[in-house]
Each structure stands twice: as structure tokens, then as C-alpha cells.
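J.: Sharing entry38.cif (mmCIF, C-alpha atoms) below.
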data_query
#
loop_
_atom_site.label_atom_id
_atom_site.label_comp_id
_atom_site.auth_asym_id
_atom_site.auth_seq_id
_atom_site.Cartn_x
_atom_site.Cartn_y
_atom_site.Cartn_z
CA MET A 153 11.30 -28.22 50.38
CA MET A 154 11.21 -31.06 52.93
CA ALA A 155 12.10 -28.75 55.82
CA VAL A 156 9.07 -26.54 55.30
CA PRO A 157 6.19 -28.81 56.39
CA GLN A 158 7.94 -30.12 59.49
CA PRO A 159 8.03 -26.84 61.48
CA THR A 160 4.42 -26.22 60.49
CA LEU A 161 3.49 -29.65 61.81
CA GLU A 162 5.42 -29.07 65.03
CA LYS A 163 3.77 -25.70 65.41
CA GLU A 164 0.37 -27.22 64.88
CA THR A 165 0.98 -30.05 67.33
CA GLU A 166 2.41 -27.66 69.89
CA ASP A 167 -0.59 -25.43 69.43
CA SER A 168 -2.89 -28.35 70.06
CA SER A 169 -1.54 -28.94 73.58
CA LEU A 170 -3.85 -27.97 76.44
CA LEU A 171 -1.19 -28.14 79.12
CA PRO A 172 -0.05 -24.48 78.90
CA LEU A 173 -3.62 -23.34 79.53
CA VAL A 174 -4.03 -25.71 82.50
CA HIS A 175 -0.73 -24.44 83.81
CA ASP A 176 -1.92 -20.84 83.51
CA ILE A 177 -5.10 -21.71 85.42
CA ILE A 178 -3.14 -23.36 88.22
CA LYS A 179 -0.84 -20.33 88.43
CA CYS A 180 -3.85 -17.99 88.67
CA MET A 181 -5.33 -20.19 91.39
CA ASP A 182 -2.07 -20.11 93.28
CA LYS A 183 -2.08 -16.34 93.08
CA ASP A 184 -5.79 -16.14 93.87
CA SER A 185 -6.04 -14.03 90.77
CA GLN A 186 -9.40 -13.00 89.29
CA ASP A 187 -8.05 -13.93 85.87
CA VAL A 188 -8.79 -17.59 86.64
CA HIS A 189 -12.28 -17.30 85.09
CA GLN A 190 -10.80 -15.83 81.97
CA GLU A 191 -8.26 -18.64 81.79
CA LEU A 192 -11.01 -21.22 82.33
CA ALA A 193 -12.96 -19.70 79.48
CA LYS A 194 -9.84 -19.90 77.32
CA LEU A 195 -9.48 -23.61 78.15
CA LYS A 196 -13.14 -24.24 77.27
CA ALA A 197 -12.75 -22.34 74.01
CA LYS A 198 -9.59 -24.29 73.23
CA ILE A 199 -11.35 -27.62 73.80
CA GLN A 200 -14.27 -26.49 71.63
CA GLU A 201 -11.87 -25.36 68.93
CA ALA A 202 -10.12 -28.76 69.07
CA ARG A 203 -13.46 -30.54 68.63
CA GLU A 204 -14.35 -28.38 65.61
CA GLN A 205 -10.92 -28.91 64.12
CA ILE A 206 -11.28 -32.69 64.53
CA SER A 207 -14.69 -32.72 62.84
CA SER A 208 -13.39 -30.70 59.88
CA MET A 209 -10.12 -32.60 59.34
CA PRO A 210 -10.16 -34.60 56.09
CA GLY A 211 -9.16 -38.23 55.81
CA ILE A 212 -9.39 -39.20 59.47
CA ASP A 213 -12.57 -41.25 59.16
CA SER A 214 -10.45 -44.38 58.95
CA SER A 215 -7.46 -45.68 60.80
CA PRO A 216 -4.01 -45.03 59.29
CA GLN A 217 -3.69 -48.74 58.42
CA ASP A 218 -7.02 -48.78 56.59
CA GLN A 219 -6.13 -45.57 54.83
CA GLN A 220 -2.80 -47.01 53.69
CA GLN A 221 -4.65 -50.03 52.37
CA GLN A 222 -7.08 -47.79 50.43
CA LEU A 223 -4.15 -45.81 49.07
CA ALA A 224 -2.43 -49.00 47.91
CA THR A 225 -5.66 -50.16 46.24
CA LEU A 226 -6.00 -46.85 44.41
CA ARG A 227 -2.38 -46.95 43.26
CA GLU A 228 -2.91 -50.50 42.01
CA GLN A 229 -6.06 -49.40 40.14
CA VAL A 230 -4.24 -46.56 38.41
CA ARG A 231 -1.35 -48.88 37.53
CA THR A 232 -3.69 -51.55 36.09
CA LYS A 233 -5.70 -49.05 34.08
CA ASN A 234 -2.51 -47.45 32.75
CA GLN A 235 -1.24 -50.86 31.70
CA LEU A 236 -4.53 -51.66 29.99
CA LEU A 237 -4.53 -48.39 28.06
CA GLN A 238 -0.90 -48.84 27.11
CA LYS A 239 -1.66 -52.33 25.88
CA TYR A 240 -4.55 -51.12 23.72
CA LYS A 241 -2.52 -48.24 22.34
CA SER A 242 0.42 -50.49 21.49
CA LEU A 243 -1.85 -52.76 19.42
CA CYS A 244 -1.95 -50.09 16.66
CA MET A 245 -4.60 -52.02 14.82
CA PHE A 246 -6.46 -48.91 13.77
CA ASP A 247 -6.10 -45.14 13.81
CA VAL A 248 -7.77 -43.60 16.80
CA PRO A 249 -9.24 -40.24 15.79
CA LYS A 250 -7.91 -37.53 18.02
CA ALA A 251 -10.54 -35.77 20.09
CA SER A 252 -10.63 -32.15 18.92
CA MET B 347 -4.84 -53.03 71.25
CA ALA B 348 -6.54 -54.39 68.14
CA ALA B 349 -9.70 -52.49 69.07
CA VAL B 350 -7.71 -49.25 69.30
CA ALA B 351 -6.12 -49.90 65.90
CA ASP B 352 -9.52 -50.59 64.37
CA LYS B 353 -10.94 -47.29 65.59
CA SER B 354 -10.75 -44.35 63.28
CA THR B 355 -8.39 -41.51 64.10
CA LYS B 356 -11.38 -39.20 64.49
CA GLU B 357 -12.97 -41.41 67.13
CA ARG B 358 -9.69 -41.69 69.01
CA LEU B 359 -9.16 -37.92 68.89
CA VAL B 360 -12.69 -37.22 70.15
CA SER B 361 -12.18 -39.74 72.94
CA VAL B 362 -8.84 -38.16 73.94
CA VAL B 363 -10.31 -34.64 73.89
CA ASP B 364 -13.16 -35.88 76.12
CA ASP B 365 -10.60 -37.39 78.48
CA LEU B 366 -8.59 -34.16 78.50
CA GLU B 367 -11.68 -32.13 79.30
CA VAL B 368 -12.69 -34.43 82.15
CA LEU B 369 -9.16 -34.69 83.57
CA SER B 370 -8.47 -30.95 83.42
CA ARG B 371 -11.83 -30.21 85.08
CA GLU B 372 -11.12 -32.83 87.73
CA LEU B 373 -7.67 -31.43 88.39
CA ILE B 374 -8.87 -27.84 88.61
CA GLU B 375 -11.78 -28.78 90.87
CA MET B 376 -9.49 -30.81 93.08
CA LEU B 377 -7.00 -27.99 93.34
CA ALA B 378 -9.74 -25.45 94.04
CA LEU B 379 -11.22 -27.71 96.73
CA SER B 380 -7.89 -28.36 98.38
CA ARG B 381 -7.13 -24.62 98.39
CA ALA B 382 -10.54 -23.78 99.87
CA GLN B 383 -10.28 -26.46 102.56
CA LYS B 384 -6.58 -25.84 103.01
CA LEU B 385 -6.14 -29.61 102.96
CA PRO B 386 -3.35 -30.81 100.82
CA GLN B 387 -4.13 -34.08 99.03
CA PRO B 388 -0.77 -35.31 97.92
CA GLY B 389 -0.67 -38.11 95.41
CA GLU B 390 -4.16 -37.91 93.91
CA ASP B 391 -3.68 -34.65 92.06
CA THR B 392 -0.28 -35.81 90.90
CA GLN B 393 -1.88 -38.95 89.51
CA ILE B 394 -4.47 -36.91 87.64
CA LEU B 395 -1.81 -34.57 86.41
CA GLU B 396 0.22 -37.49 85.08
CA LEU B 397 -2.83 -38.83 83.31
CA LEU B 398 -3.52 -35.40 81.90
CA VAL B 399 0.05 -35.10 80.59
CA GLN B 400 -0.14 -38.58 79.12
CA ARG B 401 -3.45 -37.85 77.40
CA ASP B 402 -2.16 -34.50 76.15
CA LYS B 403 0.87 -36.21 74.65
CA GLU B 404 -1.40 -38.79 73.05
CA PHE B 405 -3.58 -35.98 71.72
CA GLN B 406 -0.60 -34.26 70.13
CA GLU B 407 0.59 -37.49 68.57
CA LEU B 408 -2.87 -38.18 67.19
CA MET B 409 -3.05 -34.66 65.80
CA GLY B 410 0.24 -35.36 64.03
CA VAL B 411 -1.17 -38.61 62.66
CA ALA B 412 -4.33 -36.75 61.57
CA GLN B 413 -2.21 -34.19 59.71
CA GLN B 414 -0.40 -36.99 57.90
CA GLN B 415 -3.70 -38.66 57.10
CA GLY B 416 -4.93 -35.36 55.65
CA LYS B 417 -1.98 -35.37 53.26
CA VAL B 418 -2.60 -39.00 52.34
CA HIS B 419 -6.25 -38.11 51.78
CA GLN B 420 -5.18 -35.38 49.37
CA GLU B 421 -3.01 -37.88 47.51
CA MET B 422 -5.93 -40.31 47.41
CA GLN B 423 -8.17 -37.66 45.91
CA LEU B 424 -5.60 -37.07 43.16
CA LEU B 425 -5.42 -40.81 42.53
CA GLU B 426 -9.22 -41.03 42.40
CA LYS B 427 -9.25 -38.29 39.76
CA GLU B 428 -6.60 -40.21 37.86
CA VAL B 429 -8.72 -43.37 38.02
CA GLU B 430 -11.77 -41.46 36.76
CA LYS B 431 -9.73 -40.08 33.86
CA ARG B 432 -8.45 -43.54 32.96
CA ASP B 433 -11.98 -44.90 33.19
CA SER B 434 -13.27 -42.30 30.73
CA ASP B 435 -10.32 -43.05 28.41
CA ILE B 436 -11.10 -46.76 28.53
CA GLN B 437 -14.78 -46.10 27.89
CA GLN B 438 -13.95 -43.94 24.88
CA LEU B 439 -11.65 -46.63 23.56
CA GLN B 440 -14.35 -49.21 24.09
CA LYS B 441 -16.79 -47.03 22.13
CA GLN B 442 -14.32 -46.73 19.28
CA LEU B 443 -13.76 -50.47 19.31
CA LYS B 444 -17.51 -51.02 19.05
CA GLU B 445 -17.70 -48.64 16.10
CA ALA B 446 -14.79 -50.40 14.40
CA GLU B 447 -16.43 -53.76 15.02
CA HIS B 448 -19.65 -52.50 13.42
CA ILE B 449 -17.82 -51.13 10.38
CA LEU B 450 -15.83 -54.34 9.98
CA ALA B 451 -18.94 -56.49 10.33
CA THR B 452 -20.65 -54.49 7.58
CA ALA B 453 -17.58 -54.72 5.35
CA VAL B 454 -17.29 -58.48 5.90
CA TYR B 455 -20.99 -58.94 5.11
CA GLN B 456 -20.69 -56.92 1.90
CA ALA B 457 -17.55 -58.80 0.89
CA LYS B 458 -19.32 -62.14 1.44
CA GLU B 459 -22.21 -60.97 -0.69
CA LYS B 460 -19.81 -59.98 -3.44
CA LEU B 461 -18.04 -63.33 -3.24
CA LYS B 462 -21.41 -65.09 -3.55
CA THR B 463 -22.20 -63.00 -6.64
CA ILE B 464 -18.79 -63.74 -8.12
CA GLU B 465 -19.26 -67.47 -7.48
CA LYS B 466 -22.71 -67.34 -9.04
CA ALA B 467 -21.34 -65.51 -12.08
CA ARG B 468 -18.55 -68.07 -12.41
CA LYS B 469 -20.98 -70.98 -12.35
CA GLY B 470 -23.19 -69.51 -15.05
CA SER B 471 -20.43 -68.08 -17.17
CA ILE B 472 -21.15 -67.49 -20.87
CA SER B 473 -18.43 -66.74 -23.34
CA SER B 474 -18.44 -63.26 -24.82
CA GLU B 475 -18.38 -64.83 -28.27
CA GLU B 476 -21.69 -66.49 -27.49
CA ILE B 477 -23.24 -63.21 -26.40
CA ILE B 478 -22.02 -61.43 -29.54
CA LYS B 479 -23.45 -64.20 -31.66
CA TYR B 480 -26.79 -63.85 -29.97
CA ALA B 481 -26.70 -60.06 -30.36
CA HIS B 482 -26.10 -60.48 -34.06
CA ARG B 483 -28.90 -62.96 -34.29
CA ILE B 484 -31.53 -60.76 -32.69
CA SER B 485 -30.27 -57.74 -34.60
CA ALA B 486 -30.39 -59.57 -37.93
CA SER B 487 -34.04 -60.50 -37.41
CA ASN B 488 -35.02 -56.87 -36.85
CA ALA B 489 -36.27 -57.78 -33.40
CA VAL B 490 -34.96 -54.62 -31.81
CA CYS B 491 -35.11 -52.14 -34.64
CA ALA B 492 -36.96 -51.91 -37.92
CA PRO B 493 -34.87 -51.96 -41.10
CA LEU B 494 -34.09 -48.58 -42.54
CA ASN B 495 -36.22 -49.08 -45.58
CA TRP B 496 -39.20 -50.47 -43.68
CA VAL B 497 -42.60 -49.38 -44.95
CA PRO B 498 -46.09 -50.47 -43.84
CA GLY B 499 -46.70 -53.86 -45.25
CA ASP B 500 -43.14 -55.00 -44.90
CA PRO B 501 -43.31 -58.28 -42.95
CA ARG B 502 -39.91 -57.65 -41.44
CA ARG B 503 -40.99 -56.66 -38.03
CA PRO B 504 -40.61 -53.30 -36.48
CA TYR B 505 -42.36 -54.67 -33.40
CA PRO B 506 -43.38 -58.06 -31.99
CA THR B 507 -45.73 -59.80 -34.37
CA ASP B 508 -49.08 -61.26 -33.43
CA LEU B 509 -47.59 -64.71 -33.47
CA GLU B 510 -44.77 -63.72 -31.19
CA MET B 511 -47.17 -62.07 -28.76
CA ARG B 512 -49.23 -65.26 -28.69
CA SER B 513 -46.23 -67.45 -28.02
CA GLY B 514 -44.83 -65.08 -25.38
CA MET B 515 -45.46 -65.13 -21.66
CA LEU B 516 -48.30 -62.63 -21.87
CA GLY B 517 -50.00 -64.81 -24.44
CA HIS B 518 -49.67 -67.81 -22.19
CA MET B 519 -51.10 -65.88 -19.28
CA ALA B 520 -54.13 -64.93 -21.37
CA ASN B 521 -54.36 -68.53 -22.67
CA LEU B 522 -54.06 -67.38 -26.23
CA PRO B 523 -53.45 -70.18 -28.66
CA SER B 524 -49.98 -70.12 -30.03
CA ASN B 525 -51.11 -72.02 -33.11
CA GLY B 526 -48.76 -74.77 -32.28
CA VAL B 527 -45.75 -72.78 -33.24
CA ASN B 528 -43.36 -72.90 -30.37
CA GLY B 529 -40.00 -72.89 -31.98
CA HIS B 530 -37.27 -70.45 -31.24
CA LEU B 531 -38.03 -66.96 -32.36
CA PRO B 532 -41.05 -67.71 -34.45
CA GLY B 533 -40.93 -64.18 -35.78
CA ASP B 534 -37.73 -65.10 -37.46
CA ALA B 535 -39.47 -67.83 -39.27
CA LEU B 536 -42.25 -65.45 -40.18
CA ALA B 537 -39.81 -62.87 -41.36
CA ALA B 538 -38.07 -65.51 -43.32
CA GLY B 539 -41.37 -66.28 -45.00
CA ARG B 540 -41.15 -69.93 -44.13
CA LEU B 541 -44.50 -70.14 -42.37
CA PRO B 542 -47.41 -71.78 -44.05
CA ASP B 543 -50.06 -69.41 -45.32
CA VAL B 544 -52.49 -70.52 -42.64
CA LEU B 545 -50.17 -69.30 -39.91
CA ALA B 546 -49.09 -66.19 -41.69
CA PRO B 547 -50.92 -63.21 -40.23
CA HIS B 548 -53.05 -61.13 -42.49
CA TYR B 549 -53.57 -57.52 -41.70
CA PRO B 550 -55.66 -54.94 -43.43
CA TRP B 551 -52.63 -52.97 -44.43
CA GLN B 552 -51.02 -56.00 -45.85
CA SER B 553 -51.71 -55.84 -49.55
CA SER B 554 -51.87 -59.04 -51.44
CA ASP B 555 -49.00 -58.09 -53.68
CA VAL B 556 -46.61 -57.94 -50.71
CA SER B 557 -45.06 -61.27 -51.15
CA VAL B 558 -42.42 -63.33 -49.58
CA GLY B 559 -40.22 -62.59 -52.53
CA MET B 560 -39.96 -59.02 -51.32
CA LEU B 561 -37.92 -60.12 -48.37
CA PRO B 562 -34.20 -59.79 -48.55
CA PRO B 563 -32.64 -63.02 -49.63
CA HIS B 564 -30.69 -63.51 -46.44
CA HIS B 565 -33.88 -63.88 -44.45
CA GLY B 566 -34.41 -67.10 -46.16
CA ASN B 567 -31.47 -68.58 -44.32
CA ASP B 568 -31.86 -70.59 -41.20
CA PHE B 569 -31.16 -68.58 -38.07
CA ALA B 570 -28.92 -70.99 -36.35
CA LEU B 571 -26.27 -69.56 -34.12
CA GLU B 572 -23.96 -68.61 -36.86
CA PRO B 573 -21.54 -65.76 -36.67
CA PRO B 574 -22.73 -62.96 -38.87
CA GLY B 575 -19.34 -62.80 -40.38
CA HIS B 576 -20.44 -65.59 -42.67
CA ASN B 577 -23.16 -63.44 -44.10
CA LYS B 578 -22.21 -60.08 -45.49
CA GLU B 579 -25.74 -58.76 -45.66
CA ASN B 580 -26.43 -59.66 -42.08
CA GLU B 581 -23.44 -57.71 -41.08
CA ASP B 582 -24.75 -54.72 -43.03
CA ASP B 583 -28.04 -54.93 -41.18
CA VAL B 584 -26.30 -55.00 -37.86
CA GLU B 585 -24.26 -52.02 -38.82
CA ALA B 586 -27.35 -50.18 -39.96
CA MET B 587 -29.02 -50.97 -36.67
CA SER B 588 -26.13 -49.81 -34.63
CA THR B 589 -26.02 -46.65 -36.72
CA ASP B 590 -29.70 -46.23 -36.02
CA SER B 591 -29.29 -46.56 -32.32
CA SER B 592 -26.36 -44.24 -32.27
CA SER B 593 -28.21 -41.65 -34.31
CA SER B 594 -31.28 -41.96 -32.13
CA SER B 595 -29.22 -41.58 -29.02
CA SER B 596 -27.54 -38.53 -30.48
CA ASP B 597 -30.96 -37.16 -31.40
CA SER B 598 -32.18 -37.51 -27.91
CA ASP B 599 -29.12 -35.65 -26.78
#
Please lay out the structure from this file as C-alpha cells.
T.:
Amino acid sequence: MMAVPQPTLEKETEDSSLLPLVHDIIKCMDKDSQDVHQELAKLKAKIQEAREQISSMPGIDSSPQDQQQQLATLREQVRTKNQLLQKYKSLCMFDVPKAS
Amino acid sequence: MAAVADKSTKERLVSVVDDLEVLSRELIEMLALSRAQKLPQPGEDTQILELLVQRDKEFQELMGVAQQQGKVHQEMQLLEKEVEKRDSDIQQLQKQLKEAEHILATAVYQAKEKLKTIEKARKGSISSEEIIKYAHRISASNAVCAPLNWVPGDPRRPYPTDLEMRSGMLGHMANLPSNGVNGHLPGDALAAGRLPDVLAPHYPWQSSDVSVGMLPPHHGNDFALEPPGHNKENEDDVEAMSTDSSSSSSDSD
């Protein structure tokens, strides 16, 4: 189960690199190939795609540190509320009618 | 360094993508220019290339961080849902507690009222013997029911007498003279025939031959709080009355 996300992540990070496209452009320039315009268009499209991907990615509006802090706060909230409910339930002072 | 850490991942990614775009354009333009002019510019393009590689590496790392943050975000959403669920549970519990408090408050109030009533009853307690005695007394004087053999003219009362009405509360309200008779149950005295003739009421139906002597002998006795057991005839009257009431109740049925 743990091995599955890692290749996906690597694939995604590899895919995000712009260097192969820049390399292709330089090669085309070296060869004086007409494909250079096509490669340039690919690079532009790739950059645009990266921008769109960044704007649609969830959870990156804060820094990882801040996000970890928020996560810890949420975990603490859940823990506290669970404890509170457990405390009330363990009182057993009256019968709580079950919600039907 | 602190400023970089404070920036959000999105801002850093946008900044790196901008850098990549600028650097790649610069590199391509430089290479195109050098090829057109056939003038090699060693060093500068290498520097830009290094920067480009560095920025690209940074971009990939940030993308990795962003992916991780996406997963953390998903976990946070689950936790938020959990918090909402707990909140609604706590609110429901709070509502139930309020209801229980209300019910208990009502019960406590009612119980206090009952205790007050019990205390009041204890303070003014009367023995059952006393009540039975009084019941006998009012029954013996025909205050609640006429004797079985009552006929018009019989001074034993089937209803409150004129004297009793005068001495009662209604009489006082209407300022009727009570003729100075204010003893206990004056009707008893009347029935007993102990009143002077002046005070004795005279009614049209009351014939002159209806005399005091017609009254049963026991009515001549003083109506002190005496148990009827001492007087056999009294007891008979009571029994007759209770028979009356029972028969009337069965009639109404």
C-alpha cells in the first residue's frame, strides 16, 4: 500500500520538470530545425499548465509549517470533544433517548 | 529565510514558475542571438542554465511539498467533519440536559408544594375520632337530611331554619338580626324545643297543636360533643340517614 503513492509522486514531479522541453528546444536550434516553434509552443503550454495546476491545488494556501499547526489544532479539538462526550456519557445520570 | 518560510507554498510555486519562464526565455534568446551572430558567449549562458536547473529542481521539490500538503488538506477536511459531528453531538446532549433540568425543576417545585401541604396538614391535624363525633352530631340534628317520618309541621328541620339563616354568614351580610341567639347550632336548640316561645318561629303551616312534646325524646338532650354510642336513638337516626343517602345515591344511579 505504501509503495503505490511514491511512484505516482515521482511521476508527477518528473512530469513537472521543464528541463526536457528546454533541452528539446536547444537541440532544435542546434539543428536549425523548423520544429523549434512547435517546441516553444509546447514550453509555453507547459508553463501555462503548471500555473493552472498550482491555482487548483488544494491546501497550498499556507506554508507547510502553518498547515501542520492547523492540523495539530484540529486533532486537539477532536480529542477534546471526544473526551468531553465520553465524560458526559460515562456520567450515566439519565437515559439518553436514542435518535431514531 | 524566515520570509521564505512564511510565504505560502502557492506563492513560492508561482514565483518559481515565473523565474523558470524568464530564465528559459532568456536562455533561448541568448542562444538564438549567439547562433545568429555566430559569437559564442561562454560563461553567461552556462550561468543562466545553472540557475534554470536550480529553479527547476526547486520547482519539483515544491510540487512534491504541494502534493503532500494536498494530502494533509484532505486529512484536515476529514478532521473538520469529525469536529462538526462532535459539535452536533454536544449540542444535542446540551439540549437533552436542558430538558432534564426543566423536568427536574418542575418535579422539585411540585414536591416542595406537596411538602408544604403535608406540613400544613400536620399542623392542623384533627383526630378521626373528632371528625366522626362531629359527623354524628350534625347527622343527629337532621341538619343534612330530614328524618324519615318528617311531615310538614315537624320542627325537626329538613332544611336550614329561619333562625339559622339569620345567624349564618348570609344573614350577617344582609344585616338581619339574629335575635341575640348566637350559640352553636341554634337549630339544634330549636329542634330540641328549648327556645323560648318568642324566638320560636311560627309559620302558617305550623299548627298550634304541633308541640314540643312531639319531638323525639333524645332531642331534648344537650348536643355536646358526645359519641352517639351513648345514645341508642341517635345511632338509629344516623343509620337511617346513611340508609337514606345510600338509597338516594342508588336511585340516582
J.: Using the chain letters and numbering of this document, enumerate as a list in words the residues selected by the PyMOL selection byres ((chain A) within 7 of (chain B)).
T.: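 Expected selection for the PyMOL selection byres ((chain A) within 7 of (chain B)) here is Leu161, Thr165, Ser168, Ser169, Leu170, Val174, Arg203, Ile206, Met209, Pro210, Gly211, Ile212, Asp213, Ser214, Ser215, Pro216, Leu223, Leu226, Arg227, Gln229, Val230, Lys233 and Leu237 of chain A.
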J.: For Asp184 in chain A, which residue out of B:Leu450, B:Ile464, B:Ala382, B:Val490 is the nearest one, using only C-alpha atoms?
T.: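 Among B:Leu450, B:Ile464, B:Ala382, B:Val490, it is B:Ala382 that comes nearest to Asp184 in chain A.
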J.: Counting all atoms listed in the file, figure out which residue out of B:Thr392, B:Gln437, B:Ser361, B:Ser513 gets nearest to Leu236 in chain A.
T.: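 Comparing B:Thr392, B:Gln437, B:Ser361, B:Ser513 against Leu236 in chain A, the winner is B:Gln437.
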J.: What's the separation between CA of Leu192 in chain A and CA of Lys179 in chain A, in Å to one decimal place?
T.: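 Going from CA of Leu192 in chain A over to CA of Lys179 in chain A, I get 11.9 Å.
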J.: Out of B:Gln400, B:His448, B:Lys469, B:Ser380, which residue has the shortest atom-to-atom distance to Leu171 in chain A when counting all atoms listed in the file?
T.: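 Checking each candidate against Leu171 in chain A, we get B:Gln400 as the closest.
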